[in-house]
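Data from target22.cif: mmCIF, C-alpha atoms and all ligand atoms
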data_data
loop_
_atom_site.label_atom_id
_atom_site.label_comp_id
_atom_site.auth_asym_id
_atom_site.auth_seq_id
_atom_site.Cartn_x
_atom_site.Cartn_y
_atom_site.Cartn_z
CA MET A 44 31.73 17.09 10.55
CA SER A 45 33.03 17.97 14.01
CA THR A 46 32.05 21.47 15.09
CA SER A 47 34.93 21.79 17.54
CA CYS A 48 38.07 23.48 16.26
CA LYS A 49 40.04 22.65 19.39
CA PRO A 50 42.89 20.29 18.47
CA ASP A 51 42.83 16.98 20.35
CA PHE A 52 46.22 15.63 21.43
CA SER A 53 44.89 13.08 23.91
CA LEU A 54 46.04 9.47 23.52
CA GLN A 55 43.54 8.18 26.09
CA GLY A 56 42.50 4.59 25.33
CA LYS A 57 45.44 3.98 22.96
CA THR A 58 48.27 1.49 23.36
CA ALA A 59 51.70 2.48 22.02
CA LEU A 60 54.68 0.20 21.43
CA ILE A 61 57.92 2.17 21.24
CA THR A 62 60.93 0.12 20.14
CA GLY A 63 64.16 0.87 21.98
CA SER A 64 62.56 2.84 24.79
CA THR A 65 64.82 2.24 27.79
CA GLN A 66 66.77 5.46 27.14
CA GLY A 67 67.18 8.39 24.78
CA LEU A 68 64.48 9.58 22.40
CA GLY A 69 62.49 6.33 22.72
CA LEU A 70 62.10 6.84 26.46
CA VAL A 71 61.14 10.49 26.00
CA ILE A 72 58.48 9.48 23.45
CA ALA A 73 57.19 6.77 25.79
CA ARG A 74 56.95 9.29 28.62
CA ALA A 75 55.20 11.84 26.41
CA TYR A 76 52.66 9.22 25.29
CA ALA A 77 52.05 8.10 28.88
CA ALA A 78 51.56 11.72 29.94
CA SER A 79 49.02 12.05 27.10
CA GLY A 80 47.01 9.12 28.48
CA ALA A 81 48.32 6.16 26.46
CA ARG A 82 49.14 2.72 27.75
CA ILE A 83 52.77 2.23 26.78
CA VAL A 84 54.97 -0.75 25.96
CA ILE A 85 58.65 -0.38 26.84
CA ASN A 86 61.06 -2.34 24.63
CA GLY A 87 64.76 -3.13 24.89
CA ARG A 88 67.10 -6.12 24.83
CA ASP A 89 68.03 -6.02 28.51
CA GLY A 90 65.33 -7.42 30.79
CA ASP A 91 66.63 -5.63 33.89
CA ARG A 92 66.69 -2.23 32.18
CA VAL A 93 63.20 -2.73 30.78
CA ALA A 94 61.91 -3.85 34.20
CA ALA A 95 63.45 -0.80 35.90
CA ILE A 96 61.77 1.63 33.48
CA VAL A 97 58.45 -0.21 33.72
CA GLN A 98 58.65 -0.06 37.52
CA ALA A 99 59.56 3.65 37.57
CA LEU A 100 56.80 4.69 35.16
CA THR A 101 54.23 2.47 36.89
CA ALA A 102 55.15 4.14 40.19
CA GLU A 103 54.37 7.48 38.50
CA GLY A 104 50.85 6.19 37.85
CA HIS A 105 51.18 5.16 34.19
CA ASP A 106 49.92 1.96 32.53
CA VAL A 107 53.16 0.33 31.33
CA HIS A 108 54.05 -3.10 29.90
CA PRO A 109 57.44 -4.69 29.17
CA TYR A 110 58.53 -6.09 25.82
CA VAL A 111 61.99 -7.60 26.18
CA GLN A 112 63.01 -8.42 22.64
CA ASP A 113 65.94 -7.80 20.32
CA ILE A 114 63.98 -6.47 17.36
CA SER A 115 66.90 -7.16 15.01
CA ARG A 116 66.34 -10.91 15.45
CA LEU A 117 64.06 -11.08 12.47
CA GLU A 118 63.29 -14.76 12.76
CA GLU A 119 61.91 -14.23 16.30
CA GLN A 120 59.88 -11.10 15.60
CA GLU A 121 56.63 -12.65 14.38
CA LEU A 122 56.19 -15.03 17.32
CA ALA A 123 57.31 -12.43 19.89
CA PHE A 124 54.95 -9.77 18.48
CA SER A 125 52.00 -12.16 18.32
CA GLN A 126 52.62 -13.18 21.95
CA LEU A 127 52.67 -9.49 22.92
CA CYS A 128 49.39 -8.89 21.07
CA ARG A 129 47.79 -11.89 22.79
CA LYS A 130 48.85 -10.47 26.16
CA ILE A 131 47.90 -6.80 25.76
CA GLY A 132 46.02 -6.53 22.46
CA THR A 133 47.20 -5.05 19.16
CA PRO A 134 48.98 -1.73 19.65
CA ASP A 135 47.24 1.31 18.14
CA ILE A 136 50.59 3.05 17.71
CA LEU A 137 53.96 1.63 16.69
CA VAL A 138 57.04 3.82 16.98
CA ASN A 139 60.04 2.40 15.12
CA ASN A 140 62.73 4.06 17.20
CA VAL A 141 65.64 1.58 17.42
CA GLY A 142 68.69 2.77 15.55
CA ILE A 143 72.40 2.14 15.83
CA ARG A 144 75.27 3.97 14.21
CA ILE A 145 78.59 2.72 12.81
CA ARG A 146 80.47 5.82 11.71
CA LYS A 147 82.57 4.62 8.77
CA ALA A 148 83.09 5.47 5.11
CA LEU A 149 82.00 2.78 2.66
CA GLY A 150 85.68 2.19 1.84
CA GLU A 151 86.48 1.50 5.51
CA ALA A 152 83.38 -0.48 6.50
CA THR A 153 83.35 -4.25 6.45
CA LEU A 154 80.47 -6.09 4.82
CA ARG A 155 79.59 -7.23 8.34
CA ASP A 156 79.26 -3.56 9.50
CA ILE A 157 76.99 -2.80 6.56
CA VAL A 158 74.75 -5.84 7.01
CA GLU A 159 74.51 -5.27 10.78
CA LEU A 160 73.51 -1.61 10.55
CA ILE A 161 71.04 -2.10 7.71
CA ASN A 162 69.50 -5.08 9.51
CA VAL A 163 68.99 -3.20 12.81
CA ASP A 164 68.11 0.25 11.45
CA LEU A 165 66.13 -0.63 8.33
CA ILE A 166 65.06 -4.26 7.92
CA ALA A 167 63.96 -4.72 11.55
CA ALA A 168 61.71 -1.64 11.19
CA VAL A 169 60.32 -2.93 7.88
CA GLN A 170 59.43 -6.24 9.53
CA MET A 171 58.00 -4.61 12.71
CA SER A 172 55.87 -2.31 10.55
CA ARG A 173 54.59 -5.19 8.40
CA LEU A 174 53.56 -7.15 11.47
CA ALA A 175 51.97 -4.19 13.25
CA ALA A 176 50.17 -2.87 10.16
CA ALA A 177 48.73 -6.31 9.35
CA ALA A 178 47.50 -6.76 12.94
CA MET A 179 46.01 -3.23 12.97
CA ALA A 180 44.23 -3.89 9.65
CA ASP A 181 42.90 -7.30 10.80
CA ASN A 182 41.51 -5.69 13.95
CA ARG A 183 40.14 -2.61 12.11
CA ILE A 184 42.36 -0.32 14.18
CA GLN A 185 42.92 3.17 12.73
CA GLY A 186 46.56 2.76 13.66
CA ARG A 187 49.60 5.00 13.58
CA LEU A 188 53.02 3.92 12.31
CA ILE A 189 55.73 6.41 13.27
CA THR A 190 59.34 5.92 12.26
CA LEU A 191 62.42 7.77 13.49
CA THR A 192 64.64 8.74 10.59
CA SER A 193 67.24 11.50 10.87
CA ILE A 194 68.60 14.51 9.05
CA ALA A 195 70.73 11.72 7.50
CA GLY A 196 67.47 10.59 5.88
CA GLU A 197 68.03 13.28 3.24
CA LEU A 198 71.73 14.11 3.47
CA ALA A 199 75.12 12.41 3.24
CA ARG A 200 78.22 12.90 5.37
CA MET A 201 81.88 12.14 4.66
CA GLY A 202 83.05 9.14 6.71
CA ASP A 203 79.56 8.14 7.86
CA ALA A 204 77.97 6.34 4.91
CA ILE A 205 76.00 3.34 6.18
CA TYR A 206 73.63 5.20 8.52
CA PRO A 207 72.29 7.51 5.76
CA ILE A 208 71.74 4.49 3.51
CA ALA A 209 69.53 2.90 6.18
CA LYS A 210 67.75 6.13 7.15
CA GLN A 211 67.02 6.99 3.52
CA GLY A 212 65.57 3.50 3.18
CA LEU A 213 63.30 4.27 6.14
CA CYS A 214 61.96 7.32 4.28
CA GLY A 215 60.90 4.90 1.54
CA LEU A 216 59.32 2.62 4.15
CA ILE A 217 57.31 5.52 5.61
CA ARG A 218 55.90 6.39 2.19
CA ALA A 219 55.29 2.77 1.13
CA LEU A 220 53.30 2.14 4.33
CA ALA A 221 51.36 5.39 3.87
CA VAL A 222 50.25 4.30 0.41
CA GLU A 223 49.59 0.63 1.21
CA TYR A 224 47.80 1.05 4.54
CA GLY A 225 46.18 4.47 4.08
CA PRO A 226 43.12 2.76 2.51
CA ARG A 227 42.76 0.77 5.74
CA GLY A 228 42.74 3.97 7.83
CA ILE A 229 46.29 3.46 9.09
CA THR A 230 48.71 6.37 8.70
CA SER A 231 52.49 6.24 8.42
CA ASN A 232 54.71 9.20 9.19
CA GLY A 233 58.28 9.91 10.19
CA ILE A 234 60.21 12.12 12.53
CA ALA A 235 63.65 13.31 11.43
CA PRO A 236 65.59 14.45 14.52
CA GLY A 237 68.62 16.67 14.24
CA THR A 238 71.28 16.63 16.96
CA PHE A 239 69.81 15.73 20.34
CA ALA A 240 71.86 15.66 23.52
CA THR A 241 70.93 12.06 24.34
CA GLU A 242 73.11 9.44 26.03
CA SER A 243 74.33 8.16 22.66
CA ASN A 244 75.57 11.67 21.75
CA ALA A 245 77.12 12.48 25.14
CA ALA A 246 80.72 11.99 23.93
CA LEU A 247 80.15 14.09 20.79
CA ALA A 248 78.40 16.88 22.72
CA ALA A 249 81.26 16.96 25.27
CA ASP A 250 84.00 16.89 22.60
CA PRO A 251 85.74 20.31 22.80
CA VAL A 252 86.14 20.48 19.01
CA LYS A 253 83.13 18.63 17.56
CA GLY A 254 80.54 19.75 20.16
CA PRO A 255 80.79 23.48 19.34
CA ILE A 256 80.81 22.76 15.57
CA VAL A 257 77.35 21.21 15.92
CA VAL A 258 76.17 24.26 17.86
CA GLY A 259 77.72 26.68 15.37
CA ARG A 260 75.99 25.06 12.38
CA ASN A 261 72.52 25.19 13.93
CA PRO A 262 70.31 28.28 13.47
CA LEU A 263 69.06 27.89 17.05
CA GLY A 264 72.69 27.76 18.23
CA ARG A 265 72.36 24.75 20.50
CA TRP A 266 71.86 20.99 20.78
CA ALA A 267 68.25 19.84 21.14
CA ARG A 268 67.09 18.75 24.58
CA PRO A 269 65.77 15.15 24.45
CA ASP A 270 62.33 16.29 25.67
CA GLU A 271 61.99 18.40 22.49
CA ILE A 272 61.05 15.27 20.49
CA GLY A 273 57.89 14.61 22.54
CA GLY A 274 55.56 17.16 20.93
CA ALA A 275 56.16 15.90 17.37
CA ALA A 276 55.65 12.29 18.45
CA VAL A 277 52.40 13.04 20.30
CA PHE A 278 51.07 15.15 17.41
CA LEU A 279 51.64 12.40 14.82
CA ALA A 280 49.99 9.79 17.08
CA SER A 281 47.00 11.96 17.98
CA SER A 282 43.70 12.54 16.21
CA SER A 283 44.97 16.04 15.37
CA ALA A 284 47.16 14.35 12.72
CA SER A 285 44.29 12.32 11.24
CA TYR A 286 44.92 13.62 7.68
CA VAL A 287 48.73 13.63 7.89
CA ASN A 288 50.05 10.60 6.00
CA GLY A 289 53.45 9.92 4.43
CA HIS A 290 55.01 13.01 6.02
CA ILE A 291 58.44 13.28 7.63
CA LEU A 292 58.47 15.95 10.33
CA VAL A 293 61.95 17.43 10.70
CA VAL A 294 62.89 18.42 14.26
CA ASP A 295 66.37 19.85 13.79
CA GLY A 296 66.31 23.50 14.85
CA GLY A 297 66.56 24.48 11.17
CA PHE A 298 69.88 22.70 10.57
CA SER A 299 68.83 21.14 7.27
CA VAL A 300 67.56 24.38 5.70
CA THR A 301 70.86 26.25 6.06
CA PHE A 302 73.76 26.26 3.64
N1 LIG B 401 70.00 11.16 19.38
C1 LIG B 401 69.97 11.90 18.27
O1 LIG B 401 70.47 13.03 18.23
C2 LIG B 401 69.35 11.35 17.02
C3 LIG B 401 69.43 12.11 15.84
C4 LIG B 401 68.84 11.63 14.69
C5 LIG B 401 68.17 10.42 14.70
N2 LIG B 401 68.11 9.70 15.85
C6 LIG B 401 67.40 8.42 15.81
O2 LIG B 401 66.51 8.33 16.89
C7 LIG B 401 66.46 7.00 17.37
C8 LIG B 401 66.81 6.96 18.85
O3 LIG B 401 68.11 7.48 19.03
P1 LIG B 401 68.78 7.58 20.48
O4 LIG B 401 70.04 8.34 20.31
O5 LIG B 401 67.76 8.06 21.44
O6 LIG B 401 69.10 6.03 20.76
P2 LIG B 401 69.92 5.36 21.95
O7 LIG B 401 70.17 6.36 23.03
O8 LIG B 401 71.07 4.64 21.35
O9 LIG B 401 68.86 4.30 22.53
C9 LIG B 401 68.59 3.15 21.83
C10 LIG B 401 67.53 2.35 22.57
O10 LIG B 401 67.23 1.20 21.80
C11 LIG B 401 67.47 0.00 22.54
N3 LIG B 401 67.96 -0.96 21.55
C12 LIG B 401 69.10 -0.90 20.83
N4 LIG B 401 69.15 -1.93 19.96
C13 LIG B 401 68.00 -2.65 20.14
C14 LIG B 401 67.46 -3.80 19.53
N5 LIG B 401 68.12 -4.47 18.59
N6 LIG B 401 66.25 -4.26 19.94
C15 LIG B 401 65.55 -3.61 20.91
N7 LIG B 401 66.02 -2.49 21.52
C16 LIG B 401 67.23 -2.02 21.14
C17 LIG B 401 68.46 0.41 23.63
O11 LIG B 401 68.33 -0.39 24.78
P3 LIG B 401 69.21 -1.73 25.00
O12 LIG B 401 70.61 -1.39 24.53
O13 LIG B 401 69.12 -1.98 26.48
O14 LIG B 401 68.56 -2.79 24.18
C18 LIG B 401 67.97 1.84 23.93
O15 LIG B 401 66.81 1.81 24.76
C19 LIG B 401 67.41 6.20 16.48
O16 LIG B 401 66.70 5.63 15.42
C20 LIG B 401 68.36 7.25 15.96
O17 LIG B 401 68.95 6.90 14.72
C21 LIG B 401 68.69 10.12 17.00
#

Once you've parsed the file, please lay out its structure as structure tokens.
Amino acid sequence: MSTSCKPDFSLQGKTALITGSTQGLGLVIARAYAASGARIVINGRDGDRVAAIVQALTAEGHDVHPYVQDISRLEEQELAFSQLCRKIGTPDILVNNVGIRIRKALGEATLRDIVELINVDLIAAVQMSRLAAAAMADNRIQGRLITLTSIAGELARMGDAIYPIAKQGLCGLIRALAVEYGPRGITSNGIAPGTFATESNAALAADPVKGPIVVGRNPLGRWARPDEIGGAAVFLASSSASYVNGHILVVDGGFSVTF
């Protein structure tokens, strides 16, 4: 038993792959991991954007690698991931961060909308997690699987049905991985963000009607700053969370406990 009671949040010696990390919460998480000592892998579909982030973070003194890959192309994932592992080794930490949104009611959505969103937001993360967990287990890595859900992972909203279906599926993924890979020393947890003022929410935050409604419904009375996701992500990846498994950490300013 360790005699030190000081929590350890260092990620020194760890490699973290964060999907969708050229902007928004994925980039904040990548930066927080790099600042905590991890080697990080930046992922996105656009090679130039990935290269620019890799260059900028490398210039800041971090150990950064590119992974240009559309993770929703399921048939390419296995080969692409195994090539990445051959190049840099098996990641110790996978963050399933990619998520798109198509704000439509089920009655308005096309089947194509539904299949697209569920493929990108849910099935791609299931497949990434399967690949990463298997590689971690084969290499006896006490890995960390961290998946971004949402307050929509527990709630439903009029006119915005497909996203909650996918996010609620991710909650099942988090728990299934926790049970299946816990015996191999690999933990699986989630982060459920509330309303963050990221690039993808810029229009909503600036909307003179909808922006203040979000603020008014939140006990903290404001949008979250993107950097406010970093602490939760570092905690779940660190040895301080060694006995946390199957948990979904809500980071929403208290939004989901009000009524
Ligand atoms: N922002 C919020 O307030 C909020 C709230 C609740 C939950 N979340 C969840 O948090 C996660 C991040 O949200 P965000 O708002 O920060 O996202 P975002 O700003 O839309 O950023 C998405 C990132 O993913 C990349 N990307 C998109 N599709 C991809 C694909 N198929 N393959 C690889 N990379 C892809 C994008 O780069 P390229 O386009 O260049 O590929 C970009 O770097 C999502 O899962 C979202 O549902 C966010």

Within 9 Å of ligand LIG 401 (chain B), which residues of chain A show up? Give each one with its shortest atom-to-atom distance in Å (one decimal) and the two atoms involved, counting only C-alpha atoms and all ligand atoms, rows by chain then rising residue number, as a Markdown table.
| residue | atom | partner | partner_atom | distance |
| --- | --- | --- | --- | --- |
| A:Thr62 | CA | B:LIG401 | N7 | 5.9 |
| A:Gly63 | CA | B:LIG401 | O10 | 3.1 |
| A:Ser64 | CA | B:LIG401 | O15 | 4.4 |
| A:Thr65 | CA | B:LIG401 | O15 | 3.7 |
| A:Gln66 | CA | B:LIG401 | O15 | 4.4 |
| A:Gly67 | CA | B:LIG401 | O5 | 3.4 |
| A:Leu68 | CA | B:LIG401 | O5 | 3.7 |
| A:Gly69 | CA | B:LIG401 | O5 | 5.7 |
| A:Leu70 | CA | B:LIG401 | O15 | 7.1 |
| A:Val71 | CA | B:LIG401 | O5 | 8.4 |
| A:Ile85 | CA | B:LIG401 | O15 | 8.7 |
| A:Asn86 | CA | B:LIG401 | N7 | 5.9 |
| A:Gly87 | CA | B:LIG401 | N7 | 3.7 |
| A:Arg88 | CA | B:LIG401 | O14 | 3.7 |
| A:Asp89 | CA | B:LIG401 | O13 | 4.7 |
| A:Gly90 | CA | B:LIG401 | O13 | 7.9 |
| A:Asp91 | CA | B:LIG401 | O13 | 8.6 |
| A:Arg92 | CA | B:LIG401 | O13 | 6.2 |
| A:Val93 | CA | B:LIG401 | O13 | 7.4 |
| A:Tyr110 | CA | B:LIG401 | C15 | 8.9 |
| A:Val111 | CA | B:LIG401 | C15 | 7.5 |
| A:Gln112 | CA | B:LIG401 | C15 | 5.7 |
| A:Asp113 | CA | B:LIG401 | N6 | 3.6 |
| A:Ile114 | CA | B:LIG401 | N6 | 4.1 |
| A:Ser115 | CA | B:LIG401 | N5 | 4.6 |
| A:Arg116 | CA | B:LIG401 | N5 | 7.4 |
| A:Asn139 | CA | B:LIG401 | O16 | 7.4 |
| A:Asn140 | CA | B:LIG401 | O16 | 4.6 |
| A:Val141 | CA | B:LIG401 | O16 | 4.6 |
| A:Gly142 | CA | B:LIG401 | O16 | 3.5 |
| A:Ile143 | CA | B:LIG401 | O17 | 6.0 |
| A:Arg144 | CA | B:LIG401 | O17 | 7.0 |
| A:Val163 | CA | B:LIG401 | N5 | 6.0 |
| A:Asp164 | CA | B:LIG401 | O16 | 6.8 |
| A:Ala167 | CA | B:LIG401 | N5 | 8.2 |
| A:Thr190 | CA | B:LIG401 | O16 | 8.0 |
| A:Leu191 | CA | B:LIG401 | O16 | 5.2 |
| A:Thr192 | CA | B:LIG401 | C5 | 5.7 |
| A:Ser193 | CA | B:LIG401 | C5 | 4.1 |
| A:Ile194 | CA | B:LIG401 | C4 | 6.3 |
| A:Ala195 | CA | B:LIG401 | C4 | 7.4 |
| A:Gly196 | CA | B:LIG401 | C5 | 8.8 |
| A:Tyr206 | CA | B:LIG401 | O17 | 8.0 |
| A:Lys210 | CA | B:LIG401 | O17 | 7.7 |
| A:Ile234 | CA | B:LIG401 | C5 | 8.4 |
| A:Ala235 | CA | B:LIG401 | C5 | 6.3 |
| A:Pro236 | CA | B:LIG401 | C4 | 4.3 |
| A:Gly237 | CA | B:LIG401 | C3 | 4.9 |
| A:Thr238 | CA | B:LIG401 | O1 | 3.9 |
| A:Phe239 | CA | B:LIG401 | O1 | 3.5 |
| A:Ala240 | CA | B:LIG401 | O1 | 6.1 |
| A:Thr241 | CA | B:LIG401 | N1 | 5.1 |
| A:Glu242 | CA | B:LIG401 | O7 | 5.2 |
| A:Ser243 | CA | B:LIG401 | O7 | 4.5 |
| A:Asn244 | CA | B:LIG401 | N1 | 6.1 |
| A:Trp266 | CA | B:LIG401 | O1 | 8.5 |
| A:Ala267 | CA | B:LIG401 | O1 | 7.7 |
| A:Pro269 | CA | B:LIG401 | N1 | 7.7 |
| A:Asp295 | CA | B:LIG401 | C3 | 8.6 |

Excluding Ser172 of chain A and residues on its chain fewer than 6 positions from it, collect all residues at most 12 Å away from it, counting only C-alpha atoms, and give them as a PDB file with C-alpha atoms, in the frame of the given file.
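Below is the file selection.pdb, written as the result:
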ATOM      1  CA  LEU A  60      54.680   0.200  21.430  1.00  0.00           C
ATOM      2  CA  ILE A  61      57.920   2.170  21.240  1.00  0.00           C
ATOM      3  CA  THR A  62      60.930   0.120  20.140  1.00  0.00           C
ATOM      4  CA  ILE A 114      63.980  -6.470  17.360  1.00  0.00           C
ATOM      5  CA  GLN A 120      59.880 -11.100  15.600  1.00  0.00           C
ATOM      6  CA  GLU A 121      56.630 -12.650  14.380  1.00  0.00           C
ATOM      7  CA  PHE A 124      54.950  -9.770  18.480  1.00  0.00           C
ATOM      8  CA  PRO A 134      48.980  -1.730  19.650  1.00  0.00           C
ATOM      9  CA  ILE A 136      50.590   3.050  17.710  1.00  0.00           C
ATOM     10  CA  LEU A 137      53.960   1.630  16.690  1.00  0.00           C
ATOM     11  CA  VAL A 138      57.040   3.820  16.980  1.00  0.00           C
ATOM     12  CA  ASN A 139      60.040   2.400  15.120  1.00  0.00           C
ATOM     13  CA  ASN A 140      62.730   4.060  17.200  1.00  0.00           C
ATOM     14  CA  LEU A 165      66.130  -0.630   8.330  1.00  0.00           C
ATOM     15  CA  ILE A 166      65.060  -4.260   7.920  1.00  0.00           C
ATOM     16  CA  ALA A 178      47.500  -6.760  12.940  1.00  0.00           C
ATOM     17  CA  MET A 179      46.010  -3.230  12.970  1.00  0.00           C
ATOM     18  CA  ALA A 180      44.230  -3.890   9.650  1.00  0.00           C
ATOM     19  CA  GLY A 186      46.560   2.760  13.660  1.00  0.00           C
ATOM     20  CA  ARG A 187      49.600   5.000  13.580  1.00  0.00           C
ATOM     21  CA  LEU A 188      53.020   3.920  12.310  1.00  0.00           C
ATOM     22  CA  ILE A 189      55.730   6.410  13.270  1.00  0.00           C
ATOM     23  CA  THR A 190      59.340   5.920  12.260  1.00  0.00           C
ATOM     24  CA  LEU A 213      63.300   4.270   6.140  1.00  0.00           C
ATOM     25  CA  LEU A 216      59.320   2.620   4.150  1.00  0.00           C
ATOM     26  CA  ILE A 217      57.310   5.520   5.610  1.00  0.00           C
ATOM     27  CA  ALA A 219      55.290   2.770   1.130  1.00  0.00           C
ATOM     28  CA  LEU A 220      53.300   2.140   4.330  1.00  0.00           C
ATOM     29  CA  ALA A 221      51.360   5.390   3.870  1.00  0.00           C
ATOM     30  CA  GLU A 223      49.590   0.630   1.210  1.00  0.00           C
ATOM     31  CA  TYR A 224      47.800   1.050   4.540  1.00  0.00           C
ATOM     32  CA  ILE A 229      46.290   3.460   9.090  1.00  0.00           C
ATOM     33  CA  THR A 230      48.710   6.370   8.700  1.00  0.00           C
ATOM     34  CA  SER A 231      52.490   6.240   8.420  1.00  0.00           C
ATOM     35  CA  ASN A 232      54.710   9.200   9.190  1.00  0.00           C
TER      36      ASN A 232
END

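As for atom CA of Glu103 of chain A and atom CA of Ala245 of chain A, they are spaced 26.9 Å apart.
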
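Shortest separation to Ser53 of chain A among A:Ala99, A:Cys128, A:Ala77, A:Leu247 occurs at residue A:Ala77, atoms counted being only C-alpha atoms.
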
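Taking atom CA of Ala59 of chain A and atom CA of Arg129 of chain A as endpoints, the distance between them is 14.9 Å.
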
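Residue neighbourhood of Ala75 of chain A, excluding near-sequence residues (fewer than 3 positions): Leu54, Gly69, Leu70, Val71, Ile72, Ala78, Ser79, Gly80, Ala81, Ile83, Asp270, Ile272, Gly273, Gly274, Ala275, Ala276 and Val277 of chain A, at 10 Å, using all atoms listed in the file.
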
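Put simply, atom CA of Gln185 of chain A is 23.9 Å away from atom CA of Val293 of chain A.
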
Smallest atom-to-atom distance to Pro50 of chain A: which of A:Pro226, A:Ser281, A:Leu160, A:Pro109, using only C-alpha atoms? A:Ser281

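Minimum atom-to-atom distance to Gly233 of chain A, evaluated using all atoms listed in the file, belongs to A:Gly289 out of A:Gly150, A:Gly296, A:Gly289, A:Gly254.
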
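Among A:His290, A:Arg146, A:Arg155, A:Arg200, the residue with the shortest atom-to-atom distance to Gly215 of chain A, counting all atoms listed in the file, is A:His290.
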
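For the residues A:Asp51, A:Asp135, A:Asp156, A:Asp250, ranking by smallest atom-to-atom distance to Ser283 of chain A using only C-alpha atoms places A:Asp51 first.
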